[in-house]
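Enquirer: For reference, the file upload_10.cif (mmCIF, N, CA and C atoms) is included below:
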data_entry
loop_
_atom_site.label_atom_id
_atom_site.label_comp_id
_atom_site.auth_asym_id
_atom_site.auth_seq_id
_atom_site.Cartn_x
_atom_site.Cartn_y
_atom_site.Cartn_z
N MET A 1212 104.85 156.62 119.20
CA MET A 1212 105.35 156.90 120.54
C MET A 1212 105.17 155.65 121.38
N LYS A 1213 106.20 155.26 122.06
CA LYS A 1213 106.17 154.08 122.91
C LYS A 1213 106.01 154.51 124.37
N VAL A 1214 105.14 153.80 125.11
CA VAL A 1214 104.90 154.09 126.52
C VAL A 1214 105.65 153.07 127.36
N LEU A 1215 106.39 153.55 128.32
CA LEU A 1215 107.16 152.69 129.20
C LEU A 1215 106.72 152.93 130.64
N ARG A 1216 106.34 151.86 131.33
CA ARG A 1216 106.07 151.94 132.76
C ARG A 1216 107.40 151.69 133.46
N ALA A 1217 108.06 152.74 133.82
CA ALA A 1217 109.43 152.66 134.30
C ALA A 1217 109.48 152.35 135.79
N THR A 1218 109.89 151.14 136.11
CA THR A 1218 110.04 150.74 137.50
C THR A 1218 111.46 150.31 137.81
N GLU A 1219 112.26 150.06 136.79
CA GLU A 1219 113.65 149.65 137.00
C GLU A 1219 114.57 150.85 136.81
N THR A 1220 115.72 150.80 137.43
CA THR A 1220 116.65 151.93 137.42
C THR A 1220 116.98 152.40 136.01
N TRP A 1221 117.29 151.47 135.12
CA TRP A 1221 117.66 151.87 133.76
C TRP A 1221 116.51 152.57 133.05
N GLN A 1222 115.28 152.18 133.37
CA GLN A 1222 114.10 152.82 132.78
C GLN A 1222 113.88 154.20 133.40
N GLN A 1223 114.07 154.27 134.72
CA GLN A 1223 113.89 155.55 135.42
C GLN A 1223 114.89 156.59 134.94
N ALA A 1224 116.04 156.14 134.45
CA ALA A 1224 117.03 157.07 133.92
C ALA A 1224 116.44 157.92 132.80
N GLY A 1225 115.51 157.36 132.03
CA GLY A 1225 114.83 158.12 130.98
C GLY A 1225 114.01 159.26 131.56
N ALA A 1226 113.31 158.99 132.66
CA ALA A 1226 112.54 160.04 133.33
C ALA A 1226 113.47 161.14 133.84
N TYR A 1227 114.57 160.73 134.44
CA TYR A 1227 115.52 161.71 134.98
C TYR A 1227 116.12 162.56 133.86
N TYR A 1228 116.42 161.92 132.73
CA TYR A 1228 116.97 162.65 131.59
C TYR A 1228 116.02 163.76 131.14
N VAL A 1229 114.75 163.41 130.96
CA VAL A 1229 113.77 164.40 130.50
C VAL A 1229 113.67 165.54 131.50
N ARG A 1230 113.63 165.19 132.78
CA ARG A 1230 113.50 166.23 133.81
C ARG A 1230 114.72 167.14 133.85
N ILE A 1231 115.90 166.59 133.68
CA ILE A 1231 117.11 167.42 133.68
C ILE A 1231 117.11 168.35 132.48
N GLN A 1232 116.79 167.79 131.30
CA GLN A 1232 116.82 168.60 130.08
C GLN A 1232 115.74 169.69 130.08
N ALA A 1233 114.53 169.33 130.50
CA ALA A 1233 113.42 170.27 130.37
C ALA A 1233 113.25 171.18 131.58
N MET A 1234 113.56 170.72 132.75
CA MET A 1234 113.33 171.56 133.93
C MET A 1234 114.63 172.17 134.46
N ALA A 1235 115.62 171.34 134.72
CA ALA A 1235 116.86 171.85 135.29
C ALA A 1235 117.53 172.85 134.35
N ARG A 1236 117.60 172.49 133.08
CA ARG A 1236 118.26 173.39 132.13
C ARG A 1236 117.38 174.57 131.74
N GLU A 1237 116.14 174.29 131.37
CA GLU A 1237 115.26 175.35 130.86
C GLU A 1237 114.86 176.36 131.94
N HIS A 1238 114.59 175.87 133.14
CA HIS A 1238 114.12 176.76 134.21
C HIS A 1238 115.18 177.03 135.27
N HIS A 1239 116.39 176.58 135.03
CA HIS A 1239 117.52 176.79 135.94
C HIS A 1239 117.23 176.27 137.35
N ILE A 1240 116.65 175.09 137.39
CA ILE A 1240 116.35 174.43 138.66
C ILE A 1240 117.53 173.52 138.99
N THR A 1241 118.02 173.61 140.21
CA THR A 1241 119.14 172.76 140.58
C THR A 1241 118.69 171.31 140.68
N LEU A 1242 119.64 170.41 140.58
CA LEU A 1242 119.31 168.99 140.72
C LEU A 1242 118.73 168.70 142.10
N ARG A 1243 119.21 169.38 143.13
CA ARG A 1243 118.70 169.18 144.49
C ARG A 1243 117.22 169.59 144.56
N GLN A 1244 116.85 170.64 143.85
CA GLN A 1244 115.45 171.08 143.84
C GLN A 1244 114.58 170.12 143.03
N GLU A 1245 115.08 169.65 141.92
CA GLU A 1245 114.29 168.81 141.02
C GLU A 1245 114.09 167.40 141.56
N PHE A 1246 115.11 166.85 142.19
CA PHE A 1246 115.03 165.48 142.68
C PHE A 1246 114.93 165.51 144.19
N ASP A 1247 113.85 164.91 144.72
CA ASP A 1247 113.58 164.98 146.15
C ASP A 1247 113.38 163.60 146.74
N GLU A 1248 112.84 163.57 147.94
CA GLU A 1248 112.66 162.30 148.65
C GLU A 1248 111.67 161.37 147.96
N HIS A 1249 110.92 161.87 147.01
CA HIS A 1249 109.95 161.03 146.31
C HIS A 1249 110.53 160.34 145.08
N ASP A 1250 111.78 160.62 144.77
CA ASP A 1250 112.48 159.93 143.68
C ASP A 1250 113.32 158.83 144.30
N GLY A 1251 112.86 157.61 144.14
CA GLY A 1251 113.59 156.50 144.73
C GLY A 1251 113.25 155.21 144.03
N PRO A 1252 113.78 154.11 144.53
CA PRO A 1252 113.58 152.83 143.86
C PRO A 1252 112.13 152.37 143.79
N ASP A 1253 111.28 152.85 144.69
CA ASP A 1253 109.87 152.43 144.68
C ASP A 1253 108.97 153.38 143.91
N THR A 1254 109.52 154.48 143.44
CA THR A 1254 108.74 155.45 142.69
C THR A 1254 108.46 154.91 141.30
N LYS A 1255 107.25 155.17 140.83
CA LYS A 1255 106.87 154.73 139.48
C LYS A 1255 106.87 155.94 138.55
N TYR A 1256 107.27 155.69 137.32
CA TYR A 1256 107.32 156.74 136.31
C TYR A 1256 106.71 156.22 135.01
N ILE A 1257 106.07 157.12 134.31
CA ILE A 1257 105.70 156.88 132.91
C ILE A 1257 106.77 157.60 132.10
N VAL A 1258 107.31 156.92 131.10
CA VAL A 1258 108.27 157.55 130.19
C VAL A 1258 107.77 157.30 128.77
N LEU A 1259 107.67 158.37 128.00
CA LEU A 1259 107.29 158.25 126.59
C LEU A 1259 108.57 158.30 125.76
N LEU A 1260 108.67 157.35 124.85
CA LEU A 1260 109.85 157.22 124.01
C LEU A 1260 109.51 157.49 122.55
N ASP A 1261 110.35 158.27 121.91
CA ASP A 1261 110.29 158.46 120.46
C ASP A 1261 111.40 157.56 119.93
N GLU A 1262 110.99 156.41 119.36
CA GLU A 1262 111.92 155.32 119.07
C GLU A 1262 112.40 154.84 120.44
N GLU A 1263 113.68 155.01 120.78
CA GLU A 1263 114.17 154.63 122.10
C GLU A 1263 114.62 155.85 122.91
N PHE A 1264 114.28 157.04 122.42
CA PHE A 1264 114.73 158.29 123.03
C PHE A 1264 113.64 158.84 123.96
N PRO A 1265 113.94 159.05 125.26
CA PRO A 1265 112.94 159.57 126.19
C PRO A 1265 112.60 161.03 125.91
N VAL A 1266 111.28 161.31 125.78
CA VAL A 1266 110.87 162.68 125.42
C VAL A 1266 109.85 163.27 126.38
N ALA A 1267 109.22 162.45 127.23
CA ALA A 1267 108.22 162.96 128.18
C ALA A 1267 108.15 162.00 129.36
N THR A 1268 107.70 162.52 130.50
CA THR A 1268 107.62 161.68 131.69
C THR A 1268 106.63 162.26 132.70
N CYS A 1269 106.27 161.44 133.66
CA CYS A 1269 105.62 161.88 134.89
C CYS A 1269 105.93 160.86 135.97
N ARG A 1270 105.84 161.29 137.21
CA ARG A 1270 106.12 160.36 138.30
C ARG A 1270 104.89 160.24 139.17
N MET A 1271 104.81 159.12 139.90
CA MET A 1271 103.69 158.89 140.79
C MET A 1271 104.16 158.12 142.01
N TYR A 1272 103.55 158.46 143.14
CA TYR A 1272 103.85 157.75 144.38
C TYR A 1272 102.63 157.78 145.28
N GLU A 1273 102.53 156.78 146.12
CA GLU A 1273 101.37 156.61 146.99
C GLU A 1273 101.35 157.68 148.08
N MET A 1274 100.17 158.28 148.28
CA MET A 1274 99.97 159.22 149.38
C MET A 1274 99.40 158.47 150.59
N ASP A 1275 98.40 157.63 150.32
CA ASP A 1275 97.79 156.77 151.32
C ASP A 1275 97.17 155.60 150.57
N GLU A 1276 96.45 154.75 151.27
CA GLU A 1276 95.95 153.53 150.61
C GLU A 1276 94.96 153.78 149.49
N SER A 1277 94.40 154.99 149.41
CA SER A 1277 93.42 155.25 148.36
C SER A 1277 93.84 156.31 147.35
N SER A 1278 94.97 157.00 147.58
CA SER A 1278 95.33 158.09 146.68
C SER A 1278 96.81 158.09 146.31
N VAL A 1279 97.06 158.65 145.13
CA VAL A 1279 98.40 158.73 144.56
C VAL A 1279 98.66 160.17 144.14
N MET A 1280 99.89 160.60 144.36
CA MET A 1280 100.34 161.91 143.89
C MET A 1280 101.01 161.73 142.54
N VAL A 1281 100.59 162.52 141.57
CA VAL A 1281 101.24 162.55 140.26
C VAL A 1281 101.93 163.90 140.14
N GLY A 1282 103.13 163.88 139.64
CA GLY A 1282 103.86 165.13 139.49
C GLY A 1282 104.99 165.00 138.52
N ARG A 1283 105.75 166.06 138.44
CA ARG A 1283 106.89 166.11 137.54
C ARG A 1283 106.49 165.68 136.13
N VAL A 1284 105.36 166.22 135.67
CA VAL A 1284 104.90 165.96 134.30
C VAL A 1284 105.71 166.89 133.40
N VAL A 1285 106.57 166.29 132.58
CA VAL A 1285 107.53 167.08 131.81
C VAL A 1285 107.62 166.54 130.39
N VAL A 1286 107.66 167.46 129.44
CA VAL A 1286 107.86 167.11 128.03
C VAL A 1286 109.03 167.94 127.52
N LEU A 1287 109.95 167.31 126.80
CA LEU A 1287 111.07 168.06 126.23
C LEU A 1287 110.52 169.21 125.37
N PRO A 1288 111.16 170.37 125.41
CA PRO A 1288 110.65 171.54 124.68
C PRO A 1288 110.33 171.28 123.22
N GLU A 1289 111.18 170.55 122.53
CA GLU A 1289 110.96 170.32 121.09
C GLU A 1289 109.82 169.35 120.80
N TYR A 1290 109.27 168.72 121.85
CA TYR A 1290 108.15 167.78 121.69
C TYR A 1290 106.85 168.33 122.28
N GLN A 1291 106.88 169.56 122.79
CA GLN A 1291 105.68 170.13 123.39
C GLN A 1291 104.65 170.48 122.31
N LYS A 1292 103.41 170.61 122.75
CA LYS A 1292 102.27 170.94 121.88
C LYS A 1292 101.93 169.80 120.92
N GLN A 1293 102.27 168.56 121.31
CA GLN A 1293 101.95 167.38 120.49
C GLN A 1293 101.06 166.40 121.25
N GLY A 1294 100.54 166.81 122.42
CA GLY A 1294 99.67 165.94 123.19
C GLY A 1294 100.39 164.92 124.07
N LEU A 1295 101.68 165.08 124.23
CA LEU A 1295 102.44 164.10 125.01
C LEU A 1295 102.21 164.23 126.51
N GLY A 1296 101.98 165.43 126.99
CA GLY A 1296 101.64 165.60 128.40
C GLY A 1296 100.33 164.90 128.72
N ARG A 1297 99.36 165.06 127.84
CA ARG A 1297 98.07 164.38 128.00
C ARG A 1297 98.26 162.86 127.96
N LEU A 1298 99.05 162.39 127.01
CA LEU A 1298 99.29 160.94 126.90
C LEU A 1298 99.96 160.40 128.16
N ALA A 1299 100.95 161.11 128.68
CA ALA A 1299 101.61 160.67 129.91
C ALA A 1299 100.62 160.60 131.06
N MET A 1300 99.77 161.61 131.18
CA MET A 1300 98.77 161.62 132.26
C MET A 1300 97.75 160.49 132.08
N GLU A 1301 97.29 160.25 130.87
CA GLU A 1301 96.33 159.18 130.63
C GLU A 1301 96.93 157.81 130.97
N GLU A 1302 98.18 157.62 130.62
CA GLU A 1302 98.85 156.35 130.94
C GLU A 1302 99.06 156.21 132.44
N ALA A 1303 99.40 157.31 133.11
CA ALA A 1303 99.54 157.27 134.57
C ALA A 1303 98.21 156.92 135.22
N GLU A 1304 97.13 157.55 134.78
CA GLU A 1304 95.80 157.26 135.34
C GLU A 1304 95.42 155.80 135.13
N LYS A 1305 95.71 155.28 133.97
CA LYS A 1305 95.40 153.88 133.68
C LYS A 1305 96.14 152.96 134.66
N TRP A 1306 97.42 153.22 134.86
CA TRP A 1306 98.25 152.40 135.74
C TRP A 1306 97.76 152.53 137.20
N ILE A 1307 97.44 153.75 137.60
CA ILE A 1307 96.96 154.00 138.97
C ILE A 1307 95.63 153.29 139.19
N ARG A 1308 94.74 153.38 138.22
CA ARG A 1308 93.44 152.72 138.32
C ARG A 1308 93.61 151.20 138.44
N GLU A 1309 94.52 150.63 137.66
CA GLU A 1309 94.78 149.18 137.70
C GLU A 1309 95.24 148.73 139.09
N GLN A 1310 95.87 149.62 139.82
CA GLN A 1310 96.37 149.29 141.15
C GLN A 1310 95.31 149.51 142.23
N GLY A 1311 94.12 149.98 141.84
CA GLY A 1311 93.00 150.08 142.76
C GLY A 1311 92.87 151.37 143.53
N TYR A 1312 93.63 152.39 143.18
CA TYR A 1312 93.50 153.67 143.87
C TYR A 1312 92.25 154.40 143.40
N GLN A 1313 91.69 155.23 144.27
CA GLN A 1313 90.46 155.95 143.94
C GLN A 1313 90.66 157.43 143.62
N LYS A 1314 91.83 157.99 143.98
CA LYS A 1314 92.00 159.43 143.79
C LYS A 1314 93.44 159.75 143.39
N ILE A 1315 93.55 160.75 142.52
CA ILE A 1315 94.85 161.29 142.14
C ILE A 1315 94.90 162.73 142.61
N VAL A 1316 96.00 163.10 143.25
CA VAL A 1316 96.22 164.48 143.63
C VAL A 1316 97.47 164.98 142.91
N LEU A 1317 97.52 166.28 142.70
CA LEU A 1317 98.70 166.87 142.10
C LEU A 1317 98.79 168.32 142.50
N GLU A 1318 99.97 168.87 142.34
CA GLU A 1318 100.21 170.28 142.59
C GLU A 1318 100.66 170.87 141.27
N SER A 1319 99.72 171.53 140.59
CA SER A 1319 99.97 172.06 139.26
C SER A 1319 100.61 173.44 139.32
N ARG A 1320 101.57 173.67 138.45
CA ARG A 1320 102.04 175.04 138.28
C ARG A 1320 100.83 175.88 137.90
N ASP A 1321 100.77 177.11 138.40
CA ASP A 1321 99.60 177.95 138.15
C ASP A 1321 99.32 178.12 136.66
N VAL A 1322 100.34 178.13 135.84
CA VAL A 1322 100.15 178.31 134.39
C VAL A 1322 99.61 177.05 133.71
N ALA A 1323 99.60 175.91 134.41
CA ALA A 1323 99.15 174.65 133.81
C ALA A 1323 97.81 174.17 134.34
N VAL A 1324 97.15 174.95 135.20
CA VAL A 1324 95.88 174.52 135.78
C VAL A 1324 94.86 174.17 134.70
N GLY A 1325 94.78 174.98 133.66
CA GLY A 1325 93.82 174.73 132.57
C GLY A 1325 94.06 173.39 131.89
N PHE A 1326 95.32 173.01 131.72
CA PHE A 1326 95.66 171.71 131.13
C PHE A 1326 95.05 170.58 131.95
N TYR A 1327 95.22 170.63 133.27
CA TYR A 1327 94.71 169.56 134.13
C TYR A 1327 93.19 169.61 134.24
N GLU A 1328 92.62 170.80 134.20
CA GLU A 1328 91.15 170.89 134.23
C GLU A 1328 90.54 170.19 133.02
N LYS A 1329 91.18 170.30 131.86
CA LYS A 1329 90.71 169.61 130.66
C LYS A 1329 90.75 168.09 130.82
N LEU A 1330 91.60 167.61 131.74
CA LEU A 1330 91.71 166.17 132.01
C LEU A 1330 90.80 165.74 133.16
N GLY A 1331 89.99 166.67 133.66
CA GLY A 1331 89.02 166.32 134.70
C GLY A 1331 89.45 166.60 136.12
N TYR A 1332 90.56 167.29 136.32
CA TYR A 1332 91.02 167.62 137.66
C TYR A 1332 90.34 168.89 138.15
N LYS A 1333 90.08 168.95 139.45
CA LYS A 1333 89.44 170.11 140.07
C LYS A 1333 90.49 170.85 140.89
N ALA A 1334 90.57 172.15 140.66
CA ALA A 1334 91.54 172.99 141.38
C ALA A 1334 90.94 173.49 142.68
N ASP A 1335 91.76 173.56 143.71
CA ASP A 1335 91.37 174.14 145.00
C ASP A 1335 92.25 175.37 145.20
N PHE A 1336 91.72 176.53 144.82
CA PHE A 1336 92.50 177.76 144.88
C PHE A 1336 92.70 178.26 146.30
N ASN A 1337 92.11 177.57 147.26
CA ASN A 1337 92.38 177.85 148.67
C ASN A 1337 93.65 177.15 149.13
N ARG A 1338 94.19 176.29 148.27
CA ARG A 1338 95.41 175.54 148.60
C ARG A 1338 96.49 175.86 147.56
N VAL A 1339 97.03 177.05 147.65
CA VAL A 1339 98.09 177.49 146.75
C VAL A 1339 99.43 177.28 147.46
N ILE A 1340 100.38 176.73 146.72
CA ILE A 1340 101.70 176.43 147.26
C ILE A 1340 102.71 177.38 146.61
N GLU A 1341 103.32 178.22 147.43
CA GLU A 1341 104.34 179.15 146.93
C GLU A 1341 105.70 178.47 147.07
N GLY A 1342 106.21 177.96 145.97
CA GLY A 1342 107.50 177.28 146.00
C GLY A 1342 108.64 178.22 145.70
N GLU A 1343 109.85 177.69 145.73
CA GLU A 1343 111.04 178.50 145.41
C GLU A 1343 111.04 178.96 143.96
N THR A 1344 110.52 178.08 143.08
CA THR A 1344 110.59 178.36 141.65
C THR A 1344 109.23 178.68 141.04
N PHE A 1345 108.18 177.96 141.47
CA PHE A 1345 106.87 178.10 140.87
C PHE A 1345 105.79 178.28 141.94
N THR A 1346 104.69 178.88 141.53
CA THR A 1346 103.48 178.90 142.34
C THR A 1346 102.62 177.75 141.84
N CYS A 1347 102.15 176.92 142.77
CA CYS A 1347 101.37 175.75 142.39
C CYS A 1347 100.01 175.76 143.06
N VAL A 1348 99.06 175.05 142.44
CA VAL A 1348 97.70 174.94 142.94
C VAL A 1348 97.39 173.46 143.16
N TYR A 1349 96.83 173.15 144.31
CA TYR A 1349 96.43 171.77 144.63
C TYR A 1349 95.25 171.39 143.74
N MET A 1350 95.31 170.19 143.16
CA MET A 1350 94.22 169.69 142.31
C MET A 1350 94.00 168.23 142.62
N GLU A 1351 92.80 167.75 142.35
CA GLU A 1351 92.53 166.32 142.53
C GLU A 1351 91.47 165.84 141.56
N LYS A 1352 91.46 164.52 141.42
CA LYS A 1352 90.49 163.86 140.54
C LYS A 1352 90.15 162.51 141.15
N CYS A 1353 88.85 162.26 141.30
CA CYS A 1353 88.40 160.95 141.76
C CYS A 1353 88.28 160.05 140.54
N LEU A 1354 88.81 158.85 140.68
CA LEU A 1354 88.81 157.91 139.56
C LEU A 1354 87.54 157.06 139.58
N GLU A 1355 86.98 156.88 138.42
CA GLU A 1355 85.85 155.95 138.27
C GLU A 1355 86.46 154.57 138.10
N MET A 1356 85.94 153.63 138.80
CA MET A 1356 86.43 152.26 138.65
C MET A 1356 85.79 151.65 137.41
N ARG A 1357 86.61 151.05 136.58
CA ARG A 1357 86.09 150.45 135.33
C ARG A 1357 86.12 148.96 135.43
#
Written as structure tokens, how would this file's structure read?

Expert:
Amino acid sequence: MKVLRATETWQQAGAYYVRIQAMAREHHITLRQEFDEHDGPDTKYIVLLDEEFPVATCRMYEMDESSVMVGRVVVLPEYQKQGLGRLAMEEAEKWIREQGYQKIVLESRDVAVGFYEKLGYKADFNRVIEGETFTCVYMEKCLEMR
């Protein structure tokens, strides 16, 4: 599996492809719902490639000078249960840490909270987000500087 730090448009297209295939098609999410103001030229994405084919992704953007939001962690259905979500998150954390941020925040779908807890994220069940499509829980993780 090849890891791509997607910062250029052609690379970001891989992230968009995975999100369209896995979220828009599988969960019947419209493109307007899936792609928001946080998808832009300055947004950073991790894209995992099987050969040159994009199969998993996550996006990240700055919240403030010390924290980054990670979201849209998506793996194509036929590649799920192979540890690719974990790999995408680990690569995102590595990149975020290299940039000097101290905290990662995310809004996990309620069914995925356990996945993020295994990665060291703490859930705040007092901060539940009722979205159009999913119920999400606010989570965060403080990064140790290495």

Enquirer: Expand the PyMOL selection byres ((chain A and resi 1288) around 8) into the individual residues it matches in the shown file, reporting them as a VMD selection string.

Expert: chain A and resid 1232 to 1234 1266 1285 to 1287 1289 to 1292

Enquirer: Determine, using all atoms listed in the file, which residues of segment 1235-1287 of chain A have any atom at most 6 Å from an atom of segment 1224-1229 of chain A, and tabulate each with its shortest atom pair and distance in Å to one decimal place, rows ordered by chain and then rising number, as JSON lines.

Expert:
{"residue": "A:Val1258", "atom": "CA", "partner": "A:Ala1226", "partner_atom": "N", "distance": 5.8}
{"residue": "A:Pro1265", "atom": "CA", "partner": "A:Gly1225", "partner_atom": "CA", "distance": 5.3}
{"residue": "A:Val1266", "atom": "C", "partner": "A:Val1229", "partner_atom": "CA", "distance": 5.8}
{"residue": "A:Ala1267", "atom": "N", "partner": "A:Val1229", "partner_atom": "CA", "distance": 5.9}
{"residue": "A:Thr1268", "atom": "CA", "partner": "A:Ala1226", "partner_atom": "CA", "distance": 5.4}

Enquirer: Check the DSSP output for the backbone and give back, as a PyMOL selection string, the residues of segment 1232-1355 of chain A in strand (DSSP E).

Expert: chain A and resi 1255-1261+1264-1275+1278-1286+1314-1320+1333-1341+1346-1353

Enquirer: When the PyMOL selection byres ((chain A and resi 1346) around 8) is applied to the file above, which residues end up in the set, as a list in words?

Expert: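 Output of the PyMOL selection byres ((chain A and resi 1346) around 8): Glu1318, Ser1319, Arg1320, Asp1321, Val1322, Val1339, Ile1340, Glu1341, Gly1342, Glu1343, Thr1344, Phe1345, Cys1347, Val1348 and Tyr1349 of chain A.
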
Enquirer: Quick one: everything within 8 Å of Leu1330 of chain A, counting all atoms listed in the file, minus sequence neighbours fewer than 6 positions away in the same chain. Send it as a PyMOL selection string.

Expert: chain A and resi 1297+1324+1352

Enquirer: Please list as a list in words every residue within 8 Å of Glu1273 of chain A, counting only N, CA and C atoms and excluding residues in the same chain fewer than 3 positions away.

Expert: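 Residues near the query, excluding close chain neighbours: Asp1253, Thr1254, Lys1255, Glu1276, Ser1277, Ser1278, Val1279, Met1280 and Val1281 of chain A.
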
Enquirer: Go ahead and write the selection's residues with N, CA and C atoms as a PDB file, keeping the file's coordinate frame.

Expert:
ATOM      1  N   ASP A1253     111.280 152.850 144.690  1.00  0.00           N
ATOM      2  CA  ASP A1253     109.870 152.430 144.680  1.00  0.00           C
ATOM      3  C   ASP A1253     108.970 153.380 143.910  1.00  0.00           C
ATOM      4  N   THR A1254     109.520 154.480 143.440  1.00  0.00           N
ATOM      5  CA  THR A1254     108.740 155.450 142.690  1.00  0.00           C
ATOM      6  C   THR A1254     108.460 154.910 141.300  1.00  0.00           C
ATOM      7  N   LYS A1255     107.250 155.170 140.830  1.00  0.00           N
ATOM      8  CA  LYS A1255     106.870 154.730 139.480  1.00  0.00           C
ATOM      9  C   LYS A1255     106.870 155.940 138.550  1.00  0.00           C
ATOM     10  N   GLU A1276      96.450 154.750 151.270  1.00  0.00           N
ATOM     11  CA  GLU A1276      95.950 153.530 150.610  1.00  0.00           C
ATOM     12  C   GLU A1276      94.960 153.780 149.490  1.00  0.00           C
ATOM     13  N   SER A1277      94.400 154.990 149.410  1.00  0.00           N
ATOM     14  CA  SER A1277      93.420 155.250 148.360  1.00  0.00           C
ATOM     15  C   SER A1277      93.840 156.310 147.350  1.00  0.00           C
ATOM     16  N   SER A1278      94.970 157.000 147.580  1.00  0.00           N
ATOM     17  CA  SER A1278      95.330 158.090 146.680  1.00  0.00           C
ATOM     18  C   SER A1278      96.810 158.090 146.310  1.00  0.00           C
ATOM     19  N   VAL A1279      97.060 158.650 145.130  1.00  0.00           N
ATOM     20  CA  VAL A1279      98.400 158.730 144.560  1.00  0.00           C
ATOM     21  C   VAL A1279      98.660 160.170 144.140  1.00  0.00           C
ATOM     22  N   MET A1280      99.890 160.600 144.360  1.00  0.00           N
ATOM     23  CA  MET A1280     100.340 161.910 143.890  1.00  0.00           C
ATOM     24  C   MET A1280     101.010 161.730 142.540  1.00  0.00           C
ATOM     25  N   VAL A1281     100.590 162.520 141.570  1.00  0.00           N
ATOM     26  CA  VAL A1281     101.240 162.550 140.260  1.00  0.00           C
ATOM     27  C   VAL A1281     101.930 163.900 140.140  1.00  0.00           C
TER      28      VAL A1281
END

Enquirer: Would you translate the PyMOL selection byres ((chain A and resi 1313) around 8) into the concrete set of residues it matches in this file, as a PyMOL selection string?

Expert: chain A and resi 1276-1279+1307-1308+1310-1312+1314-1316+1352-1356

Enquirer: Would you return as number ranges by chain the members of chain A that DSSP assigns to helix (DSSP H, G or I) on this structure's backbone?

Expert: A: 1220-1236, 1242-1245, 1288-1290, 1295-1309, 1321-1329

Enquirer: Kindly compute an axis-aligned box around the listed atoms of segment 1330-1340 of chain A, allowing 3 Å on each side, and express its centre and edge lengths in Å to one decimal as JSON.

Expert:
{"center_x": 95.9, "center_y": 172.0, "center_z": 140.4, "size_x": 19.7, "size_y": 18.5, "size_z": 23.4}

Enquirer: Kindly give the distance, in Å, that separates atom CA of Phe1336 of chain A and atom C of Gly1282 of chain A, rounded to a single decimal.

Expert: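 Atom-to-atom, atom CA of Phe1336 of chain A and atom C of Gly1282 of chain A are spaced 19.0 Å apart.
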
Enquirer: For a test of reading the model, state the distance in Å between atom CA of Arg1230 of chain A and atom N of Phe1264 of chain A, rounded to one decimal.

Expert: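 Rounded to one decimal, the two atoms are 14.7 Å apart.
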
Enquirer: Find the residues near Glu1245 of chain A: any atom within 7 Å, counting all atoms listed in the file, skip ones fewer than 4 places away on the same chain, and give them as a PyMOL selection string.

Expert: chain A and resi 1235+1240-1241

Enquirer: May I ask which of the residues A:Gly1325, A:Glu1263, A:Tyr1256, A:Gln1293 is the closest one to Gln1223 of chain A, counting only N, CA and C atoms?

Expert: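 When distances to Gln1223 of chain A are compared using only N, CA and C atoms, the smallest one comes from A:Tyr1256.
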